[in-house]
Amino acid sequence: MKKVLAALLSMMMLLSLAACGNGGGAAPSAAVSSGSSASASASASASAEDSTAVTGDPSAANAFVIWAWNADFTTIQEKVLPKYLSQADMDRIVFVNVGNSDIYQDKIDAILADPGNELYPDIMLLEVGYVQKYVQSGLLKNVADLGITADDMSDMYDYNLNLGSDAASGDTYALFWQATPGCWQIRADLAQQYLGTTDPAALQEMFSTWDKVVKVSAQVNDASGGKVKLLSGTDDLKYVFCNGARSQAWYNDKDNIVVDDAIKDYLELSKQLKGLTFDTLMWKPDWAALKDGDGVNTEACIAFTGCPWYSYWCLTDTWTDNTVLIQGPQAFYWGGTGLAATAECSDTQLARDILYYVTCNADSMVEINTANGDYVNNAKAISDIQEHGSGTSSTFKCYNDQDIIGFFADKCNGIHVLAVGEDQVICEQLLPTAVSEYASGSVDLDTAVSNFKSAIHDRYSYLNVG
Amino acid sequence: MKTTKPEKLKSVRYSKYGYWFILPFFIVYTVFSLWPLISTFYYSLFAYTTRNLKETITFTGLGNYLKLLGLADGEKAYFLKYLGNTLRIWVFNFIPQIALSLLAAAWLTDSRVRLRGKGAYKVLIYMPNIITAASISLLFYAFLSQYGPLMSVLRNAGLISQNSNIMSSTWETSLAISFILLWMWYGNTTLLLISGMMGINASLYEAADLDGASTWQKFTRITLPLLKPILVYVLVTSAIGGLQLYDIPALFNASGYIGLPDDTSTTVTMYIMRLHSTDTGRAAAVSIMLFLITVLISLFLFRAMRQSESGRRRKKAEGGGQS
């Protein structure tokens, strides 16, 4: 009996150690060498939980809940909305800030599956990379049902309207307050030194095609001995190709995965630029450090891709008074946030008012620009701002006082939208792997494309390799 | 009849209290380990497809397993690829780790070395294990990144080329992760080995000294054979932990559960995390596969230990007969 019991106990110990990975939680794995999934997920989720902040009283009977992953909306809520909504309505707003874009979808997906929850969203903020997932979910309210008319939306840029609409039915579900046309930001001091000019038109001519970009990259690399390069990495160009150059969506109507020719061009370009960039990935520390390099002692690069929010808020002091904006070889969009009311929204009138004043009304959108510098999604508001100016709170300034609003004014026109709900994962996670794999020379183009398709299929099993 | 009474008294069984004492373990085990294991297996038989928040669930039998192994039409064997990555990282962490720990443990327990401040050493080598893995990962990333302090110094000294970058090399990233794990866990392993070595009867060493045995002979003839149970324990726990490797690679050089560069530092558990929100069934199947591999490895190691023990006993008996 003792032997049996001892054997049983030791087997159980073994099982419980091994089961940690599956059950996701028992203590023994903490003592296991080489780390344990339990402790990692615990620490990761602990920090994530703590960052969710709820402002307002969700238990109030008439609470109106708005979900977001950062505090961008807070500025609008505090500085613009009080002028258009009654104080009583303002007091009802409960703002839930998840504080972490990586887990935002998990959080809202969980709460959307729980309609009885007092924090069930009345309005959600949705990023362009996945807004279509929610547009197609049937969980959002058609803005027409809220009372927002086609006329209300007539000043919006077309590409943004398409991003929040169901292409099949033409119904619109999510409305955007920002327009996010892409650009290239050229660092003027380095451009003068290595390219010999700071004139926007001359620079645009220099970067009007990808062949020219490769040529200039090589020149800069040679002239600086590798200390200064034109681009930080080809990863910087992913939005240009994903959100601009493509002529087909990631899959066709039969759910077969499509790798557009533009994506193949991107792979080829990355190979041509191998060694001519610093090979960094966006948002990583070494990428960020390149913005402030002096090009003599520390590495620096001349151009970063950008867009209005990026220029205003993400460039460092090195770039203030030192940036030339140009379009580059291709029009594209980068980022942007949509507002959508949920189908179960508790007060359609208030939802309509918030959506209307944040995304449709030219006067209030001029005020949004004043409050936080956002380049707003409203052609009329933009021409107002161009005409009368608007005091933004950003201290960012272009070189030689280049007119920022004027520069972006026509950049939304050429943007072509092919959005699907899987955009963000495909463009930000799966494509970079395919690009670096092909650029490293370890596989040929066909293999790289086929690996990329397999990776998409592996993540989204309902999409076929075809 | 009266004679039976004393017999009854003799047979009072105290062991039933023992069963009560171990009952909580079985309850906790059943609820938190056994039941999740069984339900995970159940989930692994279904295909969960979530598309635009609408979930469809279909029964596929062993379909998920065939997919993972690349046996289904149009599927790539990602599971095997990630298992290979995981094992590569684990092996290059474990081999130097066990060597380093044996050395440290031997020094710290050797009565002839008489190291000063043993306690301080033990605390110091255990220190890295106290910091959370997330912090360690991010610190090492900053330290080893392309323009981080280490690479900048090496580059400026002309020791590495302008474009060299640990983060874009499969082997360098993999070895860097192995090194972080080694650094984090060798203290823990050393402490386990020390406790094993302290359990060895000192008179054996004294006898060996009298016979004129060298330090190396003492280490290989006395320490290692008697340390075997502890070594197997270390190996088994490290192998289990190694197969479930997640935190360091997920935060070191990765983007969205894809281990860079080119998906070559993705571990099996990162794959589970990647799948669990899109296809719970396949994630469950990966968990079950991982579980089965873990059981196999553990059984193999336990058996190997038992065999060598009984083999030694047999050998001893035979040897005794001869002398």
# chains A, B, ... in the order shown; residues from 1 in each chain; ligands from 1
>>> select_by_dssp(residues="stretch 245-401 of chain A", states="helix (DSSP H, G or I)", output="PyMOL selection string")
chain A and resi 245+261-272+285-292+308-313+317-319+348-359+362-372+379-388+399-401
>>> residues_around(residues="B:Leu108", least_positions_apart="6", cutoff="12 Å", atoms="only C-alpha atoms", output="list in words")
Ser101, Leu102, Arg114, Leu115, Arg116, Gly117, Lys118, Gly119, Ala120, Tyr121, Lys122, Ile125, Thr190, Leu191, Leu193, Ile194, Ser195, Met197 and Met198 of chain B
>>> closest_residue(among="A:Asp57, A:Asp261, A:Asp102, A:Asp292", to="chain B", atoms="only C-alpha atoms")
A:Asp102
>>> closest_atom_pairs(of="chain B", to="chain A", cutoff="6 Å", atoms="only C-alpha atoms", output="JSON lines")
{"residue": "B:Ser33", "atom": "CA", "partner": "A:Ser16", "partner_atom": "CA", "distance": 5.9}
{"residue": "B:Pro36", "atom": "CA", "partner": "A:Gly23", "partner_atom": "CA", "distance": 5.1}
{"residue": "B:Asn52", "atom": "CA", "partner": "A:Lys133", "partner_atom": "CA", "distance": 4.6}
{"residue": "B:Leu53", "atom": "CA", "partner": "A:Ser137", "partner_atom": "CA", "distance": 5.7}
{"residue": "B:Tyr147", "atom": "CA", "partner": "A:Asp286", "partner_atom": "CA", "distance": 5.5}
{"residue": "B:Leu181", "atom": "CA", "partner": "A:Ser34", "partner_atom": "CA", "distance": 5.7}
{"residue": "B:Trp185", "atom": "CA", "partner": "A:Ser33", "partner_atom": "CA", "distance": 6.0}
{"residue": "B:Thr237", "atom": "CA", "partner": "A:Val32", "partner_atom": "CA", "distance": 5.3}
{"residue": "B:Ser238", "atom": "CA", "partner": "A:Ser33", "partner_atom": "CA", "distance": 4.4}
{"residue": "B:Gly241", "atom": "CA", "partner": "A:Ser34", "partner_atom": "CA", "distance": 5.3}
{"residue": "B:Gly242", "atom": "CA", "partner": "A:Ser34", "partner_atom": "CA", "distance": 5.4}
{"residue": "B:Tyr246", "atom": "CA", "partner": "A:Ser37", "partner_atom": "CA", "distance": 5.5}
{"residue": "B:Asp247", "atom": "CA", "partner": "A:Ala40", "partner_atom": "CA", "distance": 5.0}
{"residue": "B:Asp262", "atom": "CA", "partner": "A:Thr433", "partner_atom": "CA", "distance": 4.8}
{"residue": "B:Ser287", "atom": "CA", "partner": "A:Asn22", "partner_atom": "CA", "distance": 5.6}
{"residue": "B:Phe291", "atom": "CA", "partner": "A:Ala18", "partner_atom": "CA", "distance": 5.9}
>>> write_last_selection(atoms="N, CA and C atoms", output="PDB file, in the first residue's frame")
ATOM      1  N   SER B  33      -5.527  20.982 -11.128  1.00  0.00           N
ATOM      2  CA  SER B  33      -4.616  20.377 -12.098  1.00  0.00           C
ATOM      3  C   SER B  33      -5.268  19.286 -12.935  1.00  0.00           C
ATOM      4  N   PRO B  36      -8.493  20.662 -15.014  1.00  0.00           N
ATOM      5  CA  PRO B  36      -8.084  21.464 -16.185  1.00  0.00           C
ATOM      6  C   PRO B  36      -7.425  20.611 -17.264  1.00  0.00           C
ATOM      7  N   ASN B  52     -14.578  37.945 -36.420  1.00  0.00           N
ATOM      8  CA  ASN B  52     -15.336  39.154 -36.114  1.00  0.00           C
ATOM      9  C   ASN B  52     -16.237  38.953 -34.902  1.00  0.00           C
ATOM     10  N   LEU B  53     -15.687  38.340 -33.864  1.00  0.00           N
ATOM     11  CA  LEU B  53     -16.343  38.094 -32.589  1.00  0.00           C
ATOM     12  C   LEU B  53     -17.444  37.057 -32.637  1.00  0.00           C
ATOM     13  N   TYR B 147      21.939  49.437 -30.444  1.00  0.00           N
ATOM     14  CA  TYR B 147      22.617  50.665 -30.021  1.00  0.00           C
ATOM     15  C   TYR B 147      22.688  50.764 -28.505  1.00  0.00           C
ATOM     16  N   LEU B 181      18.611  32.857 -19.127  1.00  0.00           N
ATOM     17  CA  LEU B 181      18.057  31.783 -18.304  1.00  0.00           C
ATOM     18  C   LEU B 181      19.119  31.172 -17.409  1.00  0.00           C
ATOM     19  N   TRP B 185      18.924  31.183 -13.381  1.00  0.00           N
ATOM     20  CA  TRP B 185      18.593  29.938 -12.679  1.00  0.00           C
ATOM     21  C   TRP B 185      19.770  29.183 -12.118  1.00  0.00           C
ATOM     22  N   THR B 237      13.038  18.858 -13.425  1.00  0.00           N
ATOM     23  CA  THR B 237      12.340  20.134 -13.228  1.00  0.00           C
ATOM     24  C   THR B 237      12.776  21.149 -14.282  1.00  0.00           C
ATOM     25  N   SER B 238      14.063  21.110 -14.629  1.00  0.00           N
ATOM     26  CA  SER B 238      14.530  22.063 -15.633  1.00  0.00           C
ATOM     27  C   SER B 238      13.944  21.742 -17.004  1.00  0.00           C
ATOM     28  N   GLY B 241      10.315  22.925 -16.930  1.00  0.00           N
ATOM     29  CA  GLY B 241      10.301  24.381 -17.037  1.00  0.00           C
ATOM     30  C   GLY B 241      10.758  24.837 -18.406  1.00  0.00           C
ATOM     31  N   GLY B 242      11.756  24.144 -18.943  1.00  0.00           N
ATOM     32  CA  GLY B 242      12.300  24.520 -20.245  1.00  0.00           C
ATOM     33  C   GLY B 242      11.287  24.346 -21.354  1.00  0.00           C
ATOM     34  N   TYR B 246       8.493  30.590 -21.450  1.00  0.00           N
ATOM     35  CA  TYR B 246       7.622  31.622 -22.003  1.00  0.00           C
ATOM     36  C   TYR B 246       8.113  33.044 -21.728  1.00  0.00           C
ATOM     37  N   ASP B 247       8.269  33.363 -20.449  1.00  0.00           N
ATOM     38  CA  ASP B 247       8.409  34.779 -20.088  1.00  0.00           C
ATOM     39  C   ASP B 247       9.596  35.488 -20.743  1.00  0.00           C
ATOM     40  N   ASP B 262      12.648  36.347 -37.556  1.00  0.00           N
ATOM     41  CA  ASP B 262      12.009  35.366 -38.438  1.00  0.00           C
ATOM     42  C   ASP B 262      11.327  34.233 -37.693  1.00  0.00           C
ATOM     43  N   SER B 287      -1.157  22.332 -25.874  1.00  0.00           N
ATOM     44  CA  SER B 287      -0.930  22.095 -24.448  1.00  0.00           C
ATOM     45  C   SER B 287      -0.843  20.604 -24.166  1.00  0.00           C
ATOM     46  N   PHE B 291       2.212  18.469 -22.775  1.00  0.00           N
ATOM     47  CA  PHE B 291       2.043  17.640 -21.586  1.00  0.00           C
ATOM     48  C   PHE B 291       2.571  16.230 -21.837  1.00  0.00           C
TER      49      PHE B 291
END
>>> closest_residue(among="B:Gly61, B:Gly259, B:Pro249, B:Gly196", to="B:Tyr233", atoms="only C-alpha atoms")
B:Gly196
>>> residues_around(residues="B:Ser137", least_positions_apart="4", cutoff="10 Å", atoms="only C-alpha atoms", output="compact mmCIF listing (two decimals) with C-alpha atoms, in the first residue's frame")
# COMPACT_ATOMS: atom_id res chain seq x y z
CA THR B 132 10.87 39.30 -12.09
CA ALA B 133 11.53 37.74 -15.48
CA TYR B 141 17.09 43.81 -24.30
CA ALA B 142 18.22 47.36 -23.58
CA PHE B 143 21.72 46.14 -22.73
CA ILE B 177 17.99 33.96 -24.21
CA ILE B 180 19.64 35.02 -19.49
CA LEU B 181 18.06 31.78 -18.30
CA ASP B 247 8.41 34.78 -20.09
CA ILE B 248 11.97 35.58 -21.19
CA PRO B 249 11.59 34.87 -24.93
CA ALA B 250 8.13 36.49 -25.03
CA LEU B 251 9.52 39.76 -23.76
CA PHE B 252 13.12 39.71 -24.96
CA ASN B 253 13.13 39.93 -28.74
>>> atom_distance(atom1="atom CA of B:Thr50", atom2="atom CA of B:Leu275")
11.0 Å
>>> residues_around(residues="B:Ser168", least_positions_apart="3", cutoff="8 Å", atoms="only C-alpha atoms", output="ChimeraX atom specification")
/B:165,173,260-261
>>> write_last_selection(atoms="C-alpha atoms", output="PDB file, in the first residue's frame")
ATOM      1  CA  ASN B 165      23.045  43.017 -34.355  1.00  0.00           C
ATOM      2  CA  THR B 173      19.194  35.818 -30.057  1.00  0.00           C
ATOM      3  CA  LEU B 260      12.316  37.472 -33.639  1.00  0.00           C
ATOM      4  CA  PRO B 261      14.170  37.184 -35.901  1.00  0.00           C
TER       5      PRO B 261
END
>>> decode(residues="stretch 288-307 of chain B", atoms="N, CA and C atoms", output="PDB file, in the first residue's frame")
ATOM      1  N   ILE B 288      -1.745  19.840 -24.769  1.00  0.00           N
ATOM      2  CA  ILE B 288      -1.755  18.394 -24.526  1.00  0.00           C
ATOM      3  C   ILE B 288      -0.480  17.746 -25.078  1.00  0.00           C
ATOM      4  N   MET B 289      -0.079  18.173 -26.254  1.00  0.00           N
ATOM      5  CA  MET B 289       1.159  17.637 -26.836  1.00  0.00           C
ATOM      6  C   MET B 289       2.343  17.927 -25.909  1.00  0.00           C
ATOM      7  N   LEU B 290       2.361  19.153 -25.416  1.00  0.00           N
ATOM      8  CA  LEU B 290       3.444  19.559 -24.523  1.00  0.00           C
ATOM      9  C   LEU B 290       3.418  18.706 -23.256  1.00  0.00           C
ATOM     10  N   PHE B 291       2.212  18.469 -22.775  1.00  0.00           N
ATOM     11  CA  PHE B 291       2.043  17.640 -21.586  1.00  0.00           C
ATOM     12  C   PHE B 291       2.571  16.230 -21.837  1.00  0.00           C
ATOM     13  N   LEU B 292       2.196  15.653 -22.973  1.00  0.00           N
ATOM     14  CA  LEU B 292       2.619  14.282 -23.267  1.00  0.00           C
ATOM     15  C   LEU B 292       4.145  14.197 -23.369  1.00  0.00           C
ATOM     16  N   ILE B 293       4.736  15.186 -24.033  1.00  0.00           N
ATOM     17  CA  ILE B 293       6.192  15.181 -24.156  1.00  0.00           C
ATOM     18  C   ILE B 293       6.838  15.282 -22.779  1.00  0.00           C
ATOM     19  N   THR B 294       6.259  16.137 -21.930  1.00  0.00           N
ATOM     20  CA  THR B 294       6.792  16.307 -20.585  1.00  0.00           C
ATOM     21  C   THR B 294       6.725  14.991 -19.810  1.00  0.00           C
ATOM     22  N   VAL B 295       5.575  14.305 -19.896  1.00  0.00           N
ATOM     23  CA  VAL B 295       5.417  13.035 -19.184  1.00  0.00           C
ATOM     24  C   VAL B 295       6.447  12.034 -19.690  1.00  0.00           C
ATOM     25  N   LEU B 296       6.605  11.966 -21.001  1.00  0.00           N
ATOM     26  CA  LEU B 296       7.548  11.008 -21.568  1.00  0.00           C
ATOM     27  C   LEU B 296       8.966  11.275 -21.083  1.00  0.00           C
ATOM     28  N   ILE B 297       9.374  12.533 -21.163  1.00  0.00           N
ATOM     29  CA  ILE B 297      10.727  12.882 -20.734  1.00  0.00           C
ATOM     30  C   ILE B 297      10.918  12.538 -19.259  1.00  0.00           C
ATOM     31  N   SER B 298       9.916  12.887 -18.443  1.00  0.00           N
ATOM     32  CA  SER B 298      10.037  12.660 -17.005  1.00  0.00           C
ATOM     33  C   SER B 298      10.089  11.170 -16.699  1.00  0.00           C
ATOM     34  N   LEU B 299       9.212  10.391 -17.327  1.00  0.00           N
ATOM     35  CA  LEU B 299       9.217   8.951 -17.091  1.00  0.00           C
ATOM     36  C   LEU B 299      10.556   8.351 -17.494  1.00  0.00           C
ATOM     37  N   PHE B 300      11.061   8.798 -18.626  1.00  0.00           N
ATOM     38  CA  PHE B 300      12.335   8.292 -19.112  1.00  0.00           C
ATOM     39  C   PHE B 300      13.445   8.571 -18.101  1.00  0.00           C
ATOM     40  N   LEU B 301      13.444   9.806 -17.589  1.00  0.00           N
ATOM     41  CA  LEU B 301      14.508  10.170 -16.656  1.00  0.00           C
ATOM     42  C   LEU B 301      14.383   9.428 -15.337  1.00  0.00           C
ATOM     43  N   PHE B 302      13.139   9.293 -14.843  1.00  0.00           N
ATOM     44  CA  PHE B 302      12.934   8.566 -13.585  1.00  0.00           C
ATOM     45  C   PHE B 302      13.362   7.113 -13.744  1.00  0.00           C
ATOM     46  N   ARG B 303      12.993   6.550 -14.878  1.00  0.00           N
ATOM     47  CA  ARG B 303      13.320   5.152 -15.136  1.00  0.00           C
ATOM     48  C   ARG B 303      14.835   4.989 -15.240  1.00  0.00           C
ATOM     49  N   ALA B 304      15.449   5.923 -15.939  1.00  0.00           N
ATOM     50  CA  ALA B 304      16.906   5.858 -16.093  1.00  0.00           C
ATOM     51  C   ALA B 304      17.577   5.894 -14.726  1.00  0.00           C
ATOM     52  N   MET B 305      17.028   6.725 -13.845  1.00  0.00           N
ATOM     53  CA  MET B 305      17.618   6.823 -12.512  1.00  0.00           C
ATOM     54  C   MET B 305      17.427   5.516 -11.749  1.00  0.00           C
ATOM     55  N   ARG B 306      16.210   4.951 -11.822  1.00  0.00           N
ATOM     56  CA  ARG B 306      15.938   3.734 -11.070  1.00  0.00           C
ATOM     57  C   ARG B 306      16.810   2.591 -11.561  1.00  0.00           C
ATOM     58  N   GLN B 307      16.924   2.497 -12.894  1.00  0.00           N
ATOM     59  CA  GLN B 307      17.706   1.410 -13.472  1.00  0.00           C
ATOM     60  C   GLN B 307      19.155   1.490 -13.026  1.00  0.00           C
TER      61      GLN B 307
END
